[in-house]
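These notes concern the structure reproduced below.
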Amino acid sequence: MATTSDSVIADLVAAAEGILGRFGLKAIEEPIRLAFPWYNNFIFKINLAQPAFPTAFPPQPGTVPPPASGVTTIVLRFSNPDARGVNNANRVQNIIASQQLVCEALLASALPAVVPAVYAWAPPRPEIDGAAGLGWILDEFRPGEDLHEVFSGLSLDDKKSVVSQVANIFACVQGAKLPSGVTKFGALTFDEYGNIVDGQMPILPGGPWDTYADVWRINLLTELKNSGQEDTVMEGWRPNGVRDRIEEFLAAAGVERILQDVDTSLRVLVHGDFSTQNMLFDKESNRITALLDFDFACVTHPCHEFFSGMHDELGGGVPAENELLQRALLSGVFEPLSSNLPQEKMEAWELAKTWDNALVSKGLIRPSQITGMEGLQDLSDLASLLCPRMLSHPMFLKRTPKEVQETKRAETEVKILKMLEKWT
């Protein structure tokens, strides 16, 4: 299922019809592709010939029935098993369980139910070829436009209103109550009784893990392994003894040394891709209508939300490319800016400040409150350097001349060695 050729799409449509048939449902027209071109999921909007009522779907862990009045539009998401760098062990279950916890937090906070309800789901069945063996989720259709597409056209006041709404939603992600069966670093799944328990992370192999240091160690080893794939100029960082230096760093408890000032007992639910690209928005009401894509959700230290998401218009991430903004977010101090700066940078500063203030008002963990954040940022940077997308992703390799790749590899090597020298 690595491509989306006409034959693959036809196979997916046939599988969708089979799934609907299980529940006595039928589409009034061919399923409509959403979020195309596809990457991690194959997503369809389905308009039903007849409404689906609560009796259509048997109870499952993490699901809720549709309203008594029924629904005529639903969304079907097939998980792409060939998605780059994704662990499929309990991928579907993790999405369902994560959405359930955030839905519960939204309800407890009396906030709009922006996470779509799940009506039915199934894990993958690798023994079945083609789309019929894929894991899938059948959930509520939420109206709205991609927030990423419309955000830049909003007034500054409306943007600040959106940032405040996003902060409310974020509070329900970070503040989601972890069940008693979730005690490790990893992700979520269901036990035989339907209880949410520890599962494997969707972005790392293995686990769950007892210690936070294990998460970073596996992360670095995974990126190091990926750097040795065929047709890349990195060659596993074996040239010039770089790999030896990396392995020495890991063997000498380098990760533990960096984490010595970090509260490694902190564990929260992390969305993993918390950005405007995964939110829907209604321009008329100026309201967020959906938070989507829990594909990378996990249970880990709260810093990971700031490393993996928010690198967009919201201003909540920790952008390495903007030193001034990074310093403000890491310190929590937003000094007045020079009036000579471009309007775009002034607005980005104001939005980041609005975001930071919103986190303060809600008592949430933010970058400036995390002890040892500099070291955590270094670990995140090192993981990115070990296998950068420009030097590993087939799309970038195809577009980038070999000599440019070699130059980038040399520049990256210098950065890796500098990072290792800092912590040895």
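Residues are referred to by chain and number: the chain letter is A, B, ... according to the order shown in the structure tokens, the number counts from 1 in that chain, and ligands are numbered separately from 1 in the order shown.
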- [ ] Using DSSP on the backbone coordinates, identify the residues of stretch 193-284 of chain A assigned to strand (DSSP E or B); present them as a count of residues only.
- [x] 12
Check which residues of stretch 22-122 of chain A sit at most 8 Å from stretch 281-305 of chain A using only C-alpha atoms, and return one row each with the closest pair of atoms and their distance in Å to one decimal, ordered by chain and rising number, as JSON lines.
{"residue": "A:Arg91", "atom": "CA", "partner": "A:Asp295", "partner_atom": "CA", "distance": 7.3}
{"residue": "A:Asn94", "atom": "CA", "partner": "A:Ala297", "partner_atom": "CA", "distance": 7.2}
{"residue": "A:Ile95", "atom": "CA", "partner": "A:Phe294", "partner_atom": "CA", "distance": 5.3}
{"residue": "A:Ser98", "atom": "CA", "partner": "A:Ala297", "partner_atom": "CA", "distance": 6.7}
{"residue": "A:Gln99", "atom": "CA", "partner": "A:Phe294", "partner_atom": "CA", "distance": 7.0}
{"residue": "A:Ala113", "atom": "CA", "partner": "A:Ala290", "partner_atom": "CA", "distance": 7.9}
{"residue": "A:Val114", "atom": "CA", "partner": "A:Ala290", "partner_atom": "CA", "distance": 4.2}
{"residue": "A:Val115", "atom": "CA", "partner": "A:Leu291", "partner_atom": "CA", "distance": 5.3}
{"residue": "A:Pro116", "atom": "CA", "partner": "A:Ala290", "partner_atom": "CA", "distance": 6.9}
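With only C-alpha atoms taken into account, the protein and nucleic acid residues at most 10 Å from A:Lys177 (excluding it and anything under 4 positions from it in its own chain) are Leu101, Val102, Glu104, Ala105, Cys172, Val173, Val268 and Leu269 of chain A.
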Got time to write the residues from that selection, C-alpha atoms, as a PDB file, in the first residue's frame?
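Writing done, so here's part02.pdb:
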ATOM      1  CA  LEU A 101      -9.024  10.564  27.058  1.00  0.00           C
ATOM      2  CA  VAL A 102      -9.102  14.004  25.428  1.00  0.00           C
ATOM      3  CA  GLU A 104     -13.303  13.028  28.555  1.00  0.00           C
ATOM      4  CA  ALA A 105     -11.114  16.012  29.468  1.00  0.00           C
ATOM      5  CA  CYS A 172      -7.312  19.054  27.824  1.00  0.00           C
ATOM      6  CA  VAL A 173      -4.562  17.167  26.005  1.00  0.00           C
ATOM      7  CA  VAL A 268       1.492  13.366  30.151  1.00  0.00           C
ATOM      8  CA  LEU A 269      -0.507  12.593  27.053  1.00  0.00           C
TER       9      LEU A 269
END
Task: DSSP alpha helix (DSSP H) selection over stretch 144-345 of chain A, as a PyMOL selection string - done: chain A and resi 147-150+156-174+212-226+242-251+254-258+303-308+323-331+343-345
TODO: Record the distance separating atom CA of A:Lys408 and atom CA of A:Ala213, expressed in Å with one decimal.
DONE: 29.3 Å
- [ ] Go through A:Gly62, A:Gly135, A:Gly332, A:Pro31 and flag the residue nearest A:Ser79, using only C-alpha atoms for the distances.
- [x] A:Gly135
- [ ] Write out as number ranges by chain the residues lying within 12 Å of stretch 241-243 of chain A, counting only C-alpha atoms and excluding same-chain residues fewer than 2 positions away.
- [x] A: 220-221, 223-225, 227-228, 234-239, 245-250, 386, 409-410, 412-421
